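The structure file model-v5.pdb is reproduced below (PDB, C-alpha atoms and all ligand atoms).
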```pdb
ATOM      1  CA  MET A   1      80.483 -13.410  -3.026
ATOM      2  CA  THR A   2      77.748 -15.257  -1.218
ATOM      3  CA  SER A   3      78.703 -18.826  -0.519
ATOM      4  CA  LEU A   4      76.183 -21.623  -0.674
ATOM      5  CA  ARG A   5      76.753 -22.133   3.034
ATOM      6  CA  THR A   6      75.681 -18.550   3.835
ATOM      7  CA  VAL A   7      72.564 -18.925   1.720
ATOM      8  CA  LEU A   8      71.628 -22.173   3.451
ATOM      9  CA  LEU A   9      72.385 -20.731   6.870
ATOM     10  CA  SER A  10      70.365 -17.569   6.364
ATOM     11  CA  SER A  11      67.413 -19.453   4.929
ATOM     12  CA  ALA A  12      67.573 -21.803   7.908
ATOM     13  CA  LEU A  13      67.531 -18.808  10.242
ATOM     14  CA  PHE A  14      64.759 -17.155   8.284
ATOM     15  CA  GLY A  15      62.819 -20.409   8.434
ATOM     16  CA  LEU A  16      63.176 -20.510  12.201
ATOM     17  CA  GLY A  17      62.045 -16.929  12.610
ATOM     18  CA  ALA A  18      59.007 -17.459  10.432
ATOM     19  CA  THR A  19      58.031 -20.604  12.370
ATOM     20  CA  ALA A  20      58.370 -18.789  15.679
ATOM     21  CA  MET A  21      56.129 -15.991  14.460
ATOM     22  CA  LEU A  22      53.422 -18.192  13.015
ATOM     23  CA  ALA A  23      53.289 -20.866  15.706
ATOM     24  CA  PRO A  24      50.544 -20.584  18.357
ATOM     25  CA  PRO A  25      51.828 -19.489  21.792
ATOM     26  CA  ALA A  26      53.956 -22.266  23.260
ATOM     27  CA  ALA A  27      52.858 -23.901  26.513
ATOM     28  CA  GLY A  28      55.812 -22.178  28.200
ATOM     29  CA  GLN A  29      54.224 -18.796  27.614
ATOM     30  CA  ASP A  30      50.935 -19.997  29.103
ATOM     31  CA  VAL A  31      52.764 -21.284  32.187
ATOM     32  CA  ALA A  32      54.503 -17.914  32.576
ATOM     33  CA  PHE A  33      51.146 -16.171  32.181
ATOM     34  CA  GLY A  34      49.624 -18.514  34.774
ATOM     35  CA  LYS A  35      52.488 -17.781  37.137
ATOM     36  CA  SER A  36      51.892 -14.037  36.809
ATOM     37  CA  VAL A  37      48.202 -14.548  37.589
ATOM     38  CA  TRP A  38      49.143 -16.680  40.617
ATOM     39  CA  LEU A  39      51.565 -14.040  41.898
ATOM     40  CA  THR A  40      49.653 -10.856  41.147
ATOM     41  CA  GLY A  41      46.255 -11.464  39.562
ATOM     42  CA  ALA A  42      44.255 -13.353  42.162
ATOM     43  CA  ASN A  43      44.264 -14.127  45.871
ATOM     44  CA  CYS A  44      44.818 -17.886  45.589
ATOM     45  CA  ALA A  45      47.649 -17.727  48.146
ATOM     46  CA  ASP A  46      45.316 -16.486  50.911
ATOM     47  CA  CYS A  47      43.976 -20.034  51.166
ATOM     48  CA  HIS A  48      46.464 -22.200  49.194
ATOM     49  CA  GLY A  49      49.692 -20.474  50.307
ATOM     50  CA  TRP A  50      52.256 -18.937  47.959
ATOM     51  CA  MET A  51      53.766 -22.395  47.494
ATOM     52  CA  GLY A  52      50.341 -23.892  46.679
ATOM     53  CA  ASP A  53      50.773 -26.531  49.354
ATOM     54  CA  GLY A  54      47.518 -25.718  51.135
ATOM     55  CA  VAL A  55      49.121 -23.828  54.017
ATOM     56  CA  GLN A  56      47.190 -20.569  53.842
ATOM     57  CA  GLU A  57      48.946 -17.169  54.066
ATOM     58  CA  ASP A  58      45.968 -15.510  55.708
ATOM     59  CA  PRO A  59      45.292 -17.302  59.000
ATOM     60  CA  ARG A  60      41.643 -16.144  58.858
ATOM     61  CA  ALA A  61      41.170 -17.698  55.413
ATOM     62  CA  PRO A  62      40.016 -21.282  54.955
ATOM     63  CA  ARG A  63      42.731 -23.848  54.380
ATOM     64  CA  GLY A  64      42.929 -24.546  50.633
ATOM     65  CA  ALA A  65      43.734 -27.859  48.948
ATOM     66  CA  ASN A  66      47.377 -28.884  48.443
ATOM     67  CA  LEU A  67      47.679 -28.154  44.726
ATOM     68  CA  ARG A  68      51.024 -29.998  44.614
ATOM     69  CA  GLU A  69      49.116 -33.230  45.184
ATOM     70  CA  THR A  70      46.147 -32.605  42.897
ATOM     71  CA  ASN A  71      44.936 -35.468  40.716
ATOM     72  CA  LEU A  72      42.964 -33.208  38.390
ATOM     73  CA  THR A  73      43.719 -32.706  34.681
ATOM     74  CA  ALA A  74      44.436 -29.229  33.258
ATOM     75  CA  GLU A  75      40.844 -29.049  32.029
ATOM     76  CA  GLN A  76      39.430 -30.030  35.425
ATOM     77  CA  LEU A  77      41.705 -27.564  37.240
ATOM     78  CA  SER A  78      40.538 -24.761  34.955
ATOM     79  CA  GLU A  79      36.909 -25.715  35.607
ATOM     80  CA  VAL A  80      37.350 -25.715  39.401
ATOM     81  CA  ILE A  81      39.010 -22.276  39.184
ATOM     82  CA  LEU A  82      36.166 -20.790  37.123
ATOM     83  CA  CYS A  83      33.334 -22.625  38.886
ATOM     84  CA  GLY A  84      34.654 -23.107  42.398
ATOM     85  CA  ARG A  85      33.562 -26.249  44.217
ATOM     86  CA  PRO A  86      29.960 -26.451  45.419
ATOM     87  CA  GLY A  87      29.609 -27.108  49.117
ATOM     88  CA  THR A  88      33.138 -25.820  49.886
ATOM     89  CA  GLU A  89      34.839 -22.455  50.298
ATOM     90  CA  MET A  90      36.712 -22.745  46.974
ATOM     91  CA  PRO A  91      35.274 -19.664  45.224
ATOM     92  CA  ALA A  92      34.171 -19.430  41.592
ATOM     93  CA  PHE A  93      36.359 -16.958  39.674
ATOM     94  CA  ASP A  94      33.919 -16.681  36.741
ATOM     95  CA  ALA A  95      31.758 -13.677  37.693
ATOM     96  CA  ARG A  96      28.802 -15.279  35.877
ATOM     97  CA  ALA A  97      29.143 -18.730  37.413
ATOM     98  CA  TYR A  98      25.759 -20.294  38.286
ATOM     99  CA  THR A  99      23.794 -17.552  36.474
ATOM    100  CA  ASP A 100      23.289 -20.170  33.738
ATOM    101  CA  ALA A 101      24.321 -23.785  33.119
ATOM    102  CA  ARG A 102      28.020 -23.025  32.397
ATOM    103  CA  CYS A 103      29.215 -24.543  35.674
ATOM    104  CA  TYR A 104      28.505 -28.257  36.117
ATOM    105  CA  GLY A 105      25.155 -27.610  34.372
ATOM    106  CA  MET A 106      23.797 -26.023  37.574
ATOM    107  CA  THR A 107      22.340 -22.628  38.483
ATOM    108  CA  ARG A 108      22.488 -20.982  41.905
ATOM    109  CA  ALA A 109      18.802 -21.771  42.399
ATOM    110  CA  GLN A 110      19.395 -25.469  41.699
ATOM    111  CA  LEU A 111      22.364 -25.583  44.067
ATOM    112  CA  GLY A 112      20.497 -23.883  46.902
ATOM    113  CA  GLY A 113      22.819 -23.178  49.808
ATOM    114  CA  GLN A 114      25.601 -25.278  48.235
ATOM    115  CA  ALA A 115      26.682 -22.660  45.657
ATOM    116  CA  PRO A 116      30.293 -21.616  46.297
ATOM    117  CA  PRO A 117      31.117 -17.946  46.878
ATOM    118  CA  ILE A 118      31.932 -15.790  43.822
ATOM    119  CA  ALA A 119      35.498 -14.460  44.029
ATOM    120  CA  GLN A 120      36.039 -10.714  44.219
ATOM    121  CA  THR A 121      38.632 -10.745  41.388
ATOM    122  CA  PRO A 122      37.000 -12.206  38.278
ATOM    123  CA  LEU A 123      39.193 -14.326  35.993
ATOM    124  CA  THR A 124      38.684 -15.318  32.345
ATOM    125  CA  LYS A 125      39.084 -18.801  30.857
ATOM    126  CA  ARG A 126      42.504 -17.714  29.590
ATOM    127  CA  HIS A 127      43.561 -16.865  33.159
ATOM    128  CA  ALA A 128      42.187 -20.178  34.452
ATOM    129  CA  ASP A 129      43.870 -22.216  31.688
ATOM    130  CA  GLY A 130      47.186 -20.484  32.424
ATOM    131  CA  LEU A 131      46.804 -21.147  36.148
ATOM    132  CA  ALA A 132      46.002 -24.811  35.424
ATOM    133  CA  LEU A 133      49.232 -25.288  33.443
ATOM    134  CA  PHE A 134      51.190 -23.389  36.085
ATOM    135  CA  ILE A 135      49.757 -25.643  38.830
ATOM    136  CA  LEU A 136      50.672 -28.821  36.922
ATOM    137  CA  GLN A 137      54.144 -27.770  35.770
ATOM    138  CA  GLU A 138      55.426 -25.456  38.501
ATOM    139  CA  LEU A 139      53.696 -26.865  41.584
ATOM    140  CA  LYS A 140      52.639 -30.510  41.133
ATOM    141  CA  ALA A 141      55.616 -31.570  38.985
ATOM    142  CA  ARG A 142      58.001 -30.092  41.573
ATOM    143  CA  GLY A 143      56.702 -32.136  44.525
ATOM    144  CA  ALA A 144      56.946 -30.741  48.055
ATOM    145  CA  PRO A 145      58.092 -27.098  48.307
ATOM    146  CA  SER A 146      61.887 -26.728  48.203
ATOM    147  CA  PHE A 147      64.084 -23.681  48.779
ATOM    148  CA  GLN A 148      64.998 -23.646  45.094
ATOM    149  CA  ASN A 149      61.407 -23.929  43.901
ATOM    150  CA  CYS A 150      60.434 -21.175  46.370
ATOM    151  CA  THR A 151      63.079 -18.711  45.178
ATOM    152  CA  GLU A 152      62.184 -19.451  41.544
ATOM    153  CA  LEU A 153      58.591 -18.566  42.323
ATOM    154  CA  LEU A 154      58.969 -15.701  44.767
ATOM    155  CA  GLY A 155      62.489 -14.386  44.238
ATOM    156  CA  ALA A 156      65.785 -15.034  46.002
ATOM    157  CA  THR A 157      65.116 -12.640  48.863
ATOM    158  CA  ALA A 158      61.584 -13.735  49.777
ATOM    159  CA  ASP A 159      61.185 -14.116  53.568
ATOM    160  CA  LYS A 160      58.864 -17.019  52.935
ATOM    161  CA  CYS A 161      61.722 -19.053  51.402
ATOM    162  CA  ALA A 162      64.105 -18.591  54.336
ATOM    163  CA  THR A 163      62.214 -21.233  56.323
ATOM    164  CA  LEU A 164      62.830 -23.762  53.515
ATOM    165  CA  ARG A 165      66.603 -23.193  53.357
ATOM    166  CA  ARG A 166      68.565 -26.223  54.462
TER     167      ARG A 166
HETATM  168  C1  LIG B   1      38.801 -18.477  50.151
HETATM  169  C2  LIG B   1      39.803 -19.520  50.033
HETATM  170  C3  LIG B   1      40.263 -19.942  48.654
HETATM  171  C4  LIG B   1      40.730 -19.145  47.633
HETATM  172  C5  LIG B   1      40.882 -17.627  47.608
HETATM  173  C6  LIG B   1      41.100 -20.047  46.565
HETATM  174  N1  LIG B   1      40.842 -21.338  46.930
HETATM  175 FE1  LIG B   1      41.150 -22.973  45.783
HETATM  176  N2  LIG B   1      40.318 -24.150  47.240
HETATM  177  C7  LIG B   1      39.924 -23.718  48.479
HETATM  178  C8  LIG B   1      39.434 -24.832  49.249
HETATM  179  C9  LIG B   1      38.912 -24.770  50.679
HETATM  180  C10 LIG B   1      39.558 -25.964  48.413
HETATM  181  C11 LIG B   1      39.203 -27.414  48.758
HETATM  182  C12 LIG B   1      37.780 -27.698  48.340
HETATM  183  C13 LIG B   1      37.402 -29.122  48.718
HETATM  184  O1  LIG B   1      37.260 -29.369  49.923
HETATM  185  O2  LIG B   1      37.265 -29.937  47.815
HETATM  186  C14 LIG B   1      40.114 -25.505  47.151
HETATM  187  C15 LIG B   1      40.337 -26.308  46.049
HETATM  188  C16 LIG B   1      40.975 -25.891  44.902
HETATM  189  C17 LIG B   1      41.277 -26.739  43.771
HETATM  190  C18 LIG B   1      40.909 -28.208  43.629
HETATM  191  C19 LIG B   1      42.126 -29.055  43.905
HETATM  192  C20 LIG B   1      41.854 -30.540  43.827
HETATM  193  O3  LIG B   1      42.798 -31.277  43.546
HETATM  194  O4  LIG B   1      40.723 -30.978  44.075
HETATM  195  C21 LIG B   1      41.947 -25.971  42.867
HETATM  196  C22 LIG B   1      42.496 -26.383  41.521
HETATM  197  C23 LIG B   1      42.056 -24.638  43.428
HETATM  198  N3  LIG B   1      41.446 -24.622  44.646
HETATM  199  C24 LIG B   1      42.715 -23.595  42.815
HETATM  200  C25 LIG B   1      42.651 -22.274  43.251
HETATM  201  C26 LIG B   1      43.226 -21.159  42.524
HETATM  202  C27 LIG B   1      44.060 -21.256  41.267
HETATM  203  C28 LIG B   1      42.883 -20.034  43.212
HETATM  204  C29 LIG B   1      43.143 -18.605  42.824
HETATM  205  C30 LIG B   1      42.706 -18.203  41.485
HETATM  206  C31 LIG B   1      42.134 -20.472  44.392
HETATM  207  N4  LIG B   1      42.023 -21.826  44.379
HETATM  208  C32 LIG B   1      41.632 -19.633  45.361
HETATM  209  C33 LIG B   1      39.957 -22.417  48.941
HETATM  210  C34 LIG B   1      40.334 -21.325  48.193
END
```
So that I can check it, write out the structure of this file as structure tokens.
Ligand code: HEC
Amino acid sequence: MTSLRTVLLSSALFGLGATAMLAPPAAGQDVAFGKSVWLTGANCADCHGWMGDGVQEDPRAPRGANLRETNLTAEQLSEVILCGRPGTEMPAFDARAYTDARCYGMTRAQLGGQAPPIAQTPLTKRHADGLALFILQELKARGAPSFQNCTELLGATADKCATLRR
């Protein structure tokens, strides 16, 4: 015999499942996607370092900004990733940046020599939005790089993290 409690419980569970299926992707999924792009989908670490603190991994690369201290909003971060920053070595990851007015309303011709380089690995807006959330939640919100934050990002055995161990 089905008790009232079982009926209520199963409908509660069913309700949960249905909500989970219909809801748009939670921010957590976007952060995880952004993290995967950071780790494998782009070369951000060459200039910003794996920990995003602006200490570049490639000594020949320009020193990137410390993303742990950024004051930009998610929207602004995404824009800088897609459009780069004119007059600096921060590349544009949108392959079509400056071919039309999509970036800061400017074309390459209007920017003259100030147009930033176009990155070799193109990223979409979805990539850039994921990276922006990852930067805010996994880098900026965590403050200066710690051993724990490093192993969460790069794995417990990463050589890079050994230097942060207390
Ligand atoms: C070739 C080196 C290089 C690469 C590769 C690079 N950056 Fe940068 N990035 C820079 C430099 C240099 C700056 C600082 C520009 C300035 O002086 O304002 C910067 C600035 C930024 C900023 C602005 C931060 C702020 O608070 O103003 C963001 C966001 C950023 N980079 C994200 C990324 C991400 C994400 C990637 C990978 C998809 C990436 N960068 C790849 C060099 C690089």
Measuring atom to atom with only C-alpha atoms and all ligand atoms, identify which of A:Tyr104, A:Trp38, A:Phe33, A:Trp50 is nearest to ligand LIG 1 (chain B).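 Using only C-alpha atoms and all ligand atoms, the shortest distance to ligand LIG 1 (chain B) belongs to A:Trp38.
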With distances taken over all atoms listed in the file, which of A:Leu72, A:Val55, A:Val37, A:Ala65 is nearest to A:Leu136?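 Under the stated criterion, the closest residue is A:Leu72.
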Show which residues sit within 9 Å of stretch 152-163 of chain A, as a list of chain:residue names. Count only C-alpha atoms, and ignore same-chain residues fewer than 3 positions away. A:Lys35, A:Leu39, A:Trp50, A:Met51, A:Glu138, A:Ser146, A:Phe147, A:Gln148, A:Asn149, A:Arg166
Step by step, work through what the PyMOL selection byres (((not hetatm)) within 7 of (chain B and resi 1)) selects in the shown file, and finish by giving those residues as a PyMOL selection string. chain A and resi 38+42-48+61-67+69-72+77+80-81+85+88-91+93+131
Figure out the distance between atom CA of A:Pro86 and atom CA of A:Tyr98, please, to one decimal in Å.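 So the answer is 10.3 Å.
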Report the distance between atom CA of A:Leu111 and atom CA of A:Gly130 in Å, rounded to one decimal place. 27.9 Å
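For the atom pair formed by atom CA of A:Ile135 and atom CA of A:Gln29, the distance is 13.9 Å, given to one decimal.
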Point out the residue among A:Gly54, A:Gly28, A:Gly84, A:Pro59 with the least atom-to-atom distance to A:Ala115, counting all atoms listed in the file.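 Residue with the minimum atom-to-atom distance to A:Ala115: A:Gly84.
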Do you know which residues are at most 12 Å from A:Asp100 counting all atoms listed in the file, after dropping those on the same chain fewer than 5 positions away, and could you put them as a list of chain:residue names? A:Cys83, A:Asp94, A:Ala95, A:Gly105, A:Met106, A:Thr107, A:Arg108, A:Ala109, A:Gln110, A:Leu111
Name every residue that the PyMOL selection byres (((chain A and resi 122) around 10) and not hetatm) selects in this structure, writing the answer as a ChimeraX atom specification with chains first and numbers rising. /A:41-42,82,92-96,118-121,123-124,127
Rank nothing, just name the residue among A:Thr99, A:Thr151, A:Ser78, A:Thr40 nearest to A:Lys125, using only C-alpha atoms.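 Comparing A:Thr99, A:Thr151, A:Ser78, A:Thr40 against A:Lys125, the winner is A:Ser78.
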From the list A:Gly49, A:Ala74, A:Cys103, A:Arg68, which residue is nearest A:Ala132 when using all atoms listed in the file? A:Ala74
Let me have the centre and edge lengths in Å, one decimal, of the box along x, y and z around every listed atom of stretch 94-103 of chain A with 6 Å of margin on each side, as AutoDock Vina command-line options.
```
--center_x 28.6 --center_y -19.1 --center_z 35.3 --size_x 22.6 --size_y 22.9 --size_z 17.9
```
Nearest to A:Gly34, chosen from A:Phe134, A:Asp53, A:Ala101, A:Asp58, with all atoms listed in the file counted in the distances: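 When distances to A:Gly34 are compared using all atoms listed in the file, the smallest one comes from A:Phe134.
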